[in-house]
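S.K.: mmCIF, C-alpha atoms and all ligand atoms, file coords_14.cif:
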data_model
#
loop_
_atom_site.label_atom_id
_atom_site.label_comp_id
_atom_site.auth_asym_id
_atom_site.auth_seq_id
_atom_site.Cartn_x
_atom_site.Cartn_y
_atom_site.Cartn_z
CA MET A 250 110.52 86.45 158.59
CA SER A 251 110.37 83.16 156.73
CA LYS A 252 109.81 83.26 153.00
CA LYS A 253 106.47 82.41 151.48
CA ILE A 254 107.08 79.58 149.02
CA ILE A 255 105.07 79.34 145.81
CA VAL A 256 105.58 76.27 143.64
CA ALA A 257 104.35 76.77 140.08
CA ASN A 258 103.52 73.30 138.79
CA TRP A 259 103.02 73.96 135.09
CA LYS A 260 102.17 70.30 134.42
CA ALA A 261 101.83 69.95 130.59
CA ALA A 262 99.84 73.16 130.33
CA VAL A 263 102.59 75.33 128.81
CA ALA A 264 102.78 74.29 125.21
CA SER A 265 105.68 76.34 123.88
CA LEU A 266 108.83 78.09 124.96
CA ALA A 267 107.27 81.40 123.87
CA GLU A 268 104.44 80.82 126.35
CA ALA A 269 106.92 80.00 129.11
CA GLN A 270 108.93 83.12 128.30
CA ASP A 271 105.77 85.25 128.38
CA ILE A 272 104.80 84.05 131.87
CA LEU A 273 108.34 84.53 133.17
CA ASN A 274 108.62 88.05 131.70
CA PHE A 275 105.37 88.95 133.39
CA VAL A 276 106.59 87.59 136.74
CA ASP A 277 109.86 89.48 136.29
CA GLU A 278 107.95 92.77 135.82
CA TYR A 279 105.95 92.01 138.96
CA LEU A 280 109.12 91.28 140.96
CA LYS A 281 110.56 94.63 139.87
CA SER A 282 107.54 96.32 141.44
CA ILE A 283 107.81 94.83 144.95
CA PRO A 284 110.10 96.01 147.77
CA MET A 285 113.65 94.66 147.64
CA ASN A 286 114.24 91.44 149.56
CA SER A 287 110.54 90.63 149.87
CA PRO A 288 110.13 87.30 151.71
CA LEU A 289 109.10 85.28 148.67
CA GLN A 290 110.48 82.26 146.90
CA ILE A 291 109.02 80.96 143.65
CA ILE A 292 109.89 77.49 142.37
CA PHE A 293 109.04 76.99 138.69
CA CYS A 294 108.48 73.39 137.63
CA PRO A 295 108.22 73.49 133.82
CA PRO A 296 107.66 70.49 131.56
CA PHE A 297 111.02 68.71 131.10
CA VAL A 298 111.44 69.86 127.49
CA PHE A 299 111.72 73.51 128.58
CA THR A 300 113.97 72.95 131.59
CA GLU A 301 117.21 74.09 129.98
CA GLU A 302 115.71 77.26 128.48
CA VAL A 303 113.79 78.14 131.65
CA ALA A 304 117.03 77.72 133.62
CA LYS A 305 118.60 80.41 131.39
CA ILE A 306 115.65 82.78 131.74
CA LEU A 307 115.65 82.40 135.54
CA ARG A 308 119.19 83.78 135.61
CA GLU A 309 117.94 87.11 134.19
CA GLY A 310 116.44 90.23 135.76
CA LYS A 311 114.74 90.00 139.13
CA LEU A 312 113.89 86.35 138.53
CA THR A 313 117.38 85.46 139.63
CA SER A 314 116.77 86.85 143.16
CA TYR A 315 113.45 85.17 143.84
CA CYS A 316 113.13 82.09 141.67
CA ALA A 317 114.49 78.57 141.61
CA LEU A 318 114.13 75.76 139.11
CA GLY A 319 112.22 72.57 139.84
CA ALA A 320 111.25 69.46 137.91
CA GLN A 321 107.90 67.72 137.90
CA ASP A 322 109.30 64.23 138.31
CA ILE A 323 112.50 62.17 138.48
CA ALA A 324 113.44 58.65 137.46
CA VAL A 325 113.40 56.11 140.27
CA SER A 326 117.11 55.47 139.81
CA ASP A 327 120.06 56.56 137.71
CA VAL A 328 120.93 53.10 136.49
CA GLY A 329 119.39 50.64 134.10
CA ALA A 330 117.36 51.00 130.93
CA GLN A 331 114.52 53.46 131.52
CA THR A 332 112.87 54.56 128.29
CA GLY A 333 111.28 57.97 128.60
CA GLU A 334 112.66 58.77 132.06
CA VAL A 335 114.78 61.74 133.13
CA SER A 336 117.47 60.98 135.70
CA GLY A 337 118.52 62.94 138.76
CA ASP A 338 121.96 63.31 137.23
CA MET A 339 120.50 65.03 134.14
CA LEU A 340 118.33 67.29 136.29
CA SER A 341 121.12 68.47 138.53
CA LYS A 342 123.35 69.15 135.51
CA LEU A 343 120.61 71.43 134.14
CA GLY A 344 120.57 73.50 137.33
CA VAL A 345 117.43 71.97 138.82
CA GLU A 346 117.28 72.35 142.61
CA TYR A 347 113.84 70.96 143.51
CA VAL A 348 111.84 68.00 142.28
CA ILE A 349 108.21 67.09 142.80
CA ALA A 350 107.96 63.50 144.04
CA GLY A 351 104.70 61.58 144.12
CA HIS A 352 102.32 64.11 142.64
CA SER A 353 98.82 62.63 142.82
CA GLU A 354 98.53 62.57 139.03
CA ARG A 355 101.54 60.27 138.93
CA ARG A 356 100.33 58.19 141.86
CA TRP A 357 96.74 57.75 140.70
CA LYS A 358 96.91 58.07 136.93
CA MET A 359 100.34 56.58 136.19
CA GLY A 360 100.25 53.97 138.93
CA GLU A 361 103.20 55.20 141.00
CA SER A 362 103.36 53.39 144.33
CA ASP A 363 104.52 54.65 147.73
CA THR A 364 107.61 52.51 147.20
CA ASP A 365 108.36 54.26 143.89
CA VAL A 366 107.92 57.66 145.51
CA ASN A 367 110.16 56.63 148.41
CA GLN A 368 112.84 55.59 145.90
CA LYS A 369 112.46 58.85 143.97
CA ILE A 370 112.98 60.84 147.18
CA LYS A 371 116.18 58.91 147.89
CA THR A 372 117.42 59.38 144.33
CA ALA A 373 116.66 63.12 144.45
CA LEU A 374 118.48 63.51 147.76
CA SER A 375 121.49 61.65 146.42
CA HIS A 376 121.78 64.43 143.80
CA ASN A 377 121.26 67.18 146.36
CA LEU A 378 117.85 67.97 144.90
CA VAL A 379 115.16 69.02 147.39
CA PRO A 380 112.17 66.68 147.04
CA ILE A 381 108.76 68.34 147.18
CA VAL A 382 106.90 65.31 148.44
CA CYS A 383 103.17 65.24 147.69
CA LEU A 384 100.81 63.52 150.10
CA GLY A 385 97.03 63.54 150.12
CA GLU A 386 93.96 61.36 150.26
CA LYS A 387 91.93 60.55 147.16
CA ASP A 388 88.45 60.58 148.64
CA GLN A 389 87.04 63.29 150.78
CA ASN A 390 85.26 62.23 153.96
CA LYS A 391 86.84 58.78 154.05
CA ASP A 392 89.21 57.87 156.86
CA ARG A 393 91.73 60.62 156.21
CA GLU A 394 93.83 60.05 159.31
CA LYS A 395 94.31 56.37 158.58
CA PHE A 396 95.10 57.00 154.90
CA LEU A 397 97.55 59.82 155.50
CA THR A 398 99.27 57.98 158.33
CA ASN A 399 99.88 54.98 156.13
CA GLN A 400 100.88 57.03 153.07
CA THR A 401 103.33 59.12 155.11
CA GLU A 402 104.87 56.04 156.75
CA GLU A 403 105.40 54.27 153.44
CA THR A 404 106.53 57.33 151.48
CA PHE A 405 109.17 58.26 154.07
CA LYS A 406 110.21 54.68 154.86
CA ASP A 407 113.86 54.22 155.90
CA LEU A 408 114.70 57.89 155.53
CA SER A 409 116.95 59.24 158.26
CA ALA A 410 115.87 62.23 160.34
CA GLN A 411 118.35 64.33 158.44
CA ASP A 412 117.04 63.26 155.03
CA THR A 413 113.42 63.65 156.10
CA ALA A 414 114.17 67.18 157.24
CA ARG A 415 115.58 68.01 153.79
CA CYS A 416 112.18 67.40 152.15
CA MET A 417 109.49 69.95 151.52
CA ILE A 418 106.04 68.42 151.97
CA ALA A 419 102.95 69.38 149.97
CA TYR A 420 99.57 68.35 151.31
CA GLU A 421 97.43 68.06 148.19
CA PRO A 422 94.09 66.31 148.72
CA VAL A 423 93.35 64.70 145.37
CA TRP A 424 89.67 65.67 145.45
CA ALA A 425 90.66 69.35 145.71
CA ILE A 426 92.84 69.48 142.58
CA SER A 427 91.15 71.78 140.11
CA THR A 428 91.12 69.38 137.18
CA ASN A 429 88.88 66.93 139.06
CA PRO A 430 85.17 67.26 138.46
CA ASP A 431 83.50 69.04 141.40
CA ALA A 432 86.87 70.05 142.88
CA GLU A 433 86.65 72.43 145.81
CA PRO A 434 89.66 73.73 147.71
CA ASP A 435 90.15 72.32 151.18
CA THR A 436 89.64 74.79 154.02
CA PRO A 437 92.75 76.22 155.70
CA GLU A 438 91.69 74.65 159.02
CA SER A 439 91.23 71.22 157.50
CA ALA A 440 94.53 71.45 155.57
CA ALA A 441 96.31 72.44 158.79
CA GLY A 442 94.71 69.38 160.46
CA ALA A 443 96.05 67.12 157.71
CA ILE A 444 99.52 68.61 158.13
CA GLU A 445 99.32 67.85 161.86
CA ILE A 446 98.62 64.19 161.04
CA ILE A 447 101.67 64.05 158.75
CA LYS A 448 103.86 65.80 161.34
CA LYS A 449 102.74 63.36 164.04
CA VAL A 450 103.82 60.37 161.94
CA LEU A 451 107.22 61.91 161.17
CA ALA A 452 107.76 63.04 164.77
CA ALA A 453 106.95 59.55 166.08
CA ARG A 454 109.75 58.22 163.91
CA HIS A 455 112.20 61.06 164.42
CA PRO A 456 111.52 62.91 167.70
CA GLN A 457 114.46 65.22 167.03
CA LEU A 458 113.14 66.24 163.59
CA VAL A 459 113.36 69.92 162.79
CA ASP A 460 110.21 71.32 161.28
CA ASN A 461 109.73 70.58 157.58
CA ARG A 462 108.43 73.23 155.22
CA PHE A 463 104.77 72.47 154.43
CA LEU A 464 102.77 73.56 151.40
CA TYR A 465 99.10 73.32 150.54
CA GLY A 466 97.95 72.55 147.00
CA GLY A 467 94.53 72.06 145.40
CA SER A 468 92.48 74.74 143.61
CA VAL A 469 94.62 77.56 144.95
CA ASN A 470 93.57 80.92 143.50
CA SER A 471 94.06 84.59 144.28
CA ILE A 472 90.98 84.68 146.52
CA ASN A 473 91.93 81.79 148.81
CA ALA A 474 95.77 81.94 148.67
CA ALA A 475 96.29 84.17 151.70
CA THR A 476 93.81 82.22 153.82
CA PHE A 477 96.10 79.19 153.61
CA THR A 478 99.37 80.95 154.30
CA GLY A 479 97.95 83.22 156.99
CA GLY A 480 98.41 80.63 159.77
CA PRO A 481 101.55 79.17 161.33
CA SER A 482 101.50 75.68 159.81
CA ILE A 483 101.42 76.29 156.04
CA HIS A 484 104.56 77.90 154.64
CA GLY A 485 103.55 78.07 151.01
CA LEU A 486 101.40 76.90 148.13
CA MET A 487 101.63 74.53 145.24
CA VAL A 488 99.74 76.04 142.34
CA GLY A 489 98.68 74.12 139.23
CA SER A 490 96.17 75.62 136.79
CA ALA A 491 96.48 79.14 138.14
CA SER A 492 100.27 79.11 137.71
CA VAL A 493 99.98 79.34 133.92
CA LYS A 494 97.43 82.18 133.97
CA LYS A 495 99.85 85.05 134.33
CA ASP A 496 97.49 87.69 135.77
CA GLU A 497 96.04 85.28 138.29
CA PHE A 498 99.48 83.96 139.21
CA ILE A 499 100.73 87.49 139.96
CA ARG A 500 97.71 88.06 142.17
CA ILE A 501 98.55 84.86 144.07
CA LEU A 502 102.15 86.03 144.53
CA GLY A 503 100.90 89.30 145.99
CA ALA A 504 98.02 87.87 148.04
CA ARG A 505 98.04 88.77 151.71
P1 LIG B 601 95.54 72.97 140.89
O1 LIG B 601 96.67 71.84 140.87
O2 LIG B 601 96.13 74.20 141.51
O3 LIG B 601 95.16 73.15 139.46
O4 LIG B 601 94.41 72.42 141.72
C1 LIG B 601 97.55 71.65 141.94
C2 LIG B 601 98.45 70.50 141.67
O5 LIG B 601 98.01 69.53 141.01
O6 LIG B 601 99.63 70.52 142.06
#
Rewrite the structure from the file as structure tokens, please.
Ligand code: PGA

M.R.:
Amino acid sequence: MSKKIIVANWKAAVASLAEAQDILNFVDEYLKSIPMNSPLQIIFCPPFVFTEEVAKILREGKLTSYCALGAQDIAVSDVGAQTGEVSGDMLSKLGVEYVIAGHSERRWKMGESDTDVNQKIKTALSHNLVPIVCLGEKDQNKDREKFLTNQTEETFKDLSAQDTARCMIAYEPVWAISTNPDAEPDTPESAAGAIEIIKKVLAARHPQLVDNRFLYGGSVNSINAATFTGGPSIHGLMVGSASVKKDEFIRILGAR
């Protein structure tokens, strides 16, 4: 049975180490209560400033069996003057294994282009970090197929079949992210349709591609979580706001 993957994207919503510790203790207690070797993998992506401490906490208790450390972003390259950036080299030295690349908040609020995201994926892979590549259209009911096709082509440009297969892909329609006014989660059927579009683009380029791991993100909560992961095409969830509400997050982990 393949593991259900839950990415906890804390964004900048965890303000102190004490808060981070509190969430992780709570998750640890939950993990002690489930059957051994449950098919679950949790990837915590804390704000950079807490990375080192979270890495230590994740080596304790049951967290060590089920959890991995991720980062929310990575510098485009390791070389050159880059004020404020955190390099792949630094991340891997801290024990980070996954990195979110091209989150919509970075694409649409911080002006990150497909080319930047493509470069970040390559930099992450060069450090043996697994990129969690975010794709998703900004406007609902506009030409989704055309947008996603183009975004996927540009984001994965020049990546070999092998490198493409190393990426995890999160379909996160921007309009569904909970911090947007009027956000509504996508439906599982529609999200599966979007994933089919992405797969078609990648398969056209690399017919021999092994299946990537696909996630859905956007207003995931304990009520809708299992509806997304119940089908064959979505292997996990990327959770934003609900990942810092410890009771709700535990309910998402247990949702079936
Ligand atoms: P949300 O955020 O779960 O709060 O909608 C998801 C994300 O931005 O990754």

S.K.: Find the residues near ligand LIG 601 (chain B). Use a cut-off of 7 Å, count all atoms listed in the file, and write them as a count of residues only.

M.R.: 16

S.K.: Which one of A:Arg500, A:Lys311, A:Lys305, A:Lys448 sits closest to A:Met285 if you count all atoms listed in the file?

M.R.: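 Residue with the minimum atom-to-atom distance to A:Met285: A:Lys311.
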
S.K.: Mind pulling up the distance from atom CA of A:Gly503 to atom CA of A:Ser471?

M.R.: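 Taking atom CA of A:Ser471 as the start and atom CA of A:Gly503 as the end point, the length is 8.5 Å.
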
S.K.: Which one of A:Leu458, A:Ala373, A:Leu502, A:Ile323 sits closest to A:Ser336 if you count all atoms listed in the file?

M.R.: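 Looking only at the distances to A:Ser336, the closest residue turns out to be A:Ile323.
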
S.K.: Just checking: using all atoms listed in the file, which residue out of A:Leu273, A:Ile483, A:Ala304, A:Ala474 ends up closest to A:Glu445?

M.R.: A:Ile483

S.K.: Tell me, in Å to one decimal, how far atom CA of A:Ala267 is from atom CA of A:Arg308.

M.R.: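 Result for atom CA of A:Ala267 versus atom CA of A:Arg308: 16.9 Å, one decimal.
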
S.K.: Can you work out which one of A:Ile272, A:Ile349, A:Ala440, A:Val366 has the shortest atom-to-atom distance to A:Ile499, counting all atoms listed in the file?

M.R.: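 Once distances to A:Ile499 are computed over all atoms listed in the file, the minimum belongs to A:Ile272.
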
S.K.: Enumerate, as a VMD selection string, the protein, DNA and RNA residues whose atoms approach (94.7, 66.1, 158.6) to within 12 Å, taking into account all atoms listed in the file and the coordinate frame of the file.

M.R.: chain A and resid 384 to 386 389 to 398 401 420 to 422 435 to 450 465 482

S.K.: What lies within 7 Å of A:Val325 using only C-alpha atoms, ignoring chain neighbours under 5 positions off, as a count of residues only?

M.R.: 4

S.K.: Mind pulling up the distance from atom CA of A:Ile501 to atom CA of A:Arg356?

M.R.: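 According to the coordinates, atom CA of A:Arg356 and atom CA of A:Ile501 are separated by 26.8 Å.
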
S.K.: Please determine, counting all atoms listed in the file, which residue among A:Asn470, A:Lys252, A:Lys406, A:Gln400 has the shortest atom-to-atom distance to A:Ser492.

M.R.: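 When distances to A:Ser492 are compared using all atoms listed in the file, the smallest one comes from A:Asn470.
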
S.K.: Fewer than 5 positions away in the same chain doesn't count, so skip those; otherwise give me all residues within 8 Å of A:Ile292, counting all atoms listed in the file, as JSON, numbers by chain.

M.R.: {"A": [254, 255, 256, 257, 316, 317, 318, 319, 347]}

S.K.: Please produce an output containing C-alpha atoms for each residue in the selection, written as a JSON list (two decimals), in the frame of the given file.

M.R.:
[["chain", "number", "residue", "atom", "x", "y", "z"],
["A", 254, "ILE", "CA", 107.08, 79.58, 149.02],
["A", 255, "ILE", "CA", 105.07, 79.34, 145.81],
["A", 256, "VAL", "CA", 105.58, 76.27, 143.64],
["A", 257, "ALA", "CA", 104.35, 76.77, 140.08],
["A", 316, "CYS", "CA", 113.13, 82.09, 141.67],
["A", 317, "ALA", "CA", 114.49, 78.57, 141.61],
["A", 318, "LEU", "CA", 114.13, 75.76, 139.11],
["A", 319, "GLY", "CA", 112.22, 72.57, 139.84],
["A", 347, "TYR", "CA", 113.84, 70.96, 143.51]]

S.K.: Which residues, written as number ranges by chain, have at least one atom at most 10 Å from A:Gln411, with only C-alpha atoms counted and residues fewer than 3 positions away on the same chain left out?

M.R.: A: 408, 414-416, 455, 457-459

S.K.: Keeping C-alpha atoms, export the residues of the selection given above as a compact mmCIF listing (two decimals), in the coordinates of the input.

M.R.:
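The resulting file, part-v6.txt, is shown below:
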# COMPACT_ATOMS: atom_id res chain seq x y z
CA LEU A 408 114.70 57.89 155.53
CA ALA A 414 114.17 67.18 157.24
CA ARG A 415 115.58 68.01 153.79
CA CYS A 416 112.18 67.40 152.15
CA HIS A 455 112.20 61.06 164.42
CA GLN A 457 114.46 65.22 167.03
CA LEU A 458 113.14 66.24 163.59
CA VAL A 459 113.36 69.92 162.79

S.K.: Taking all atoms listed in the file into account, which of A:Pro296, A:Pro430, A:Gly344, A:Pro481 comes nearest A:Ala269?

M.R.: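 Closest candidate: A:Pro296.
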
S.K.: Pull the neighbourhood of (117.4, 71.5, 127.1) for me: all residues within 12 Å in file coordinates, counting only C-alpha atoms, as a list in words.

M.R.: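 Neighbouring residues, ordered by chain and number, come to Leu266, Pro295, Pro296, Phe297, Val298, Phe299, Thr300, Glu301, Glu302, Val303, Ala304, Lys305, Val335, Met339, Leu340, Lys342, Leu343, Gly344 and Val345 of chain A.
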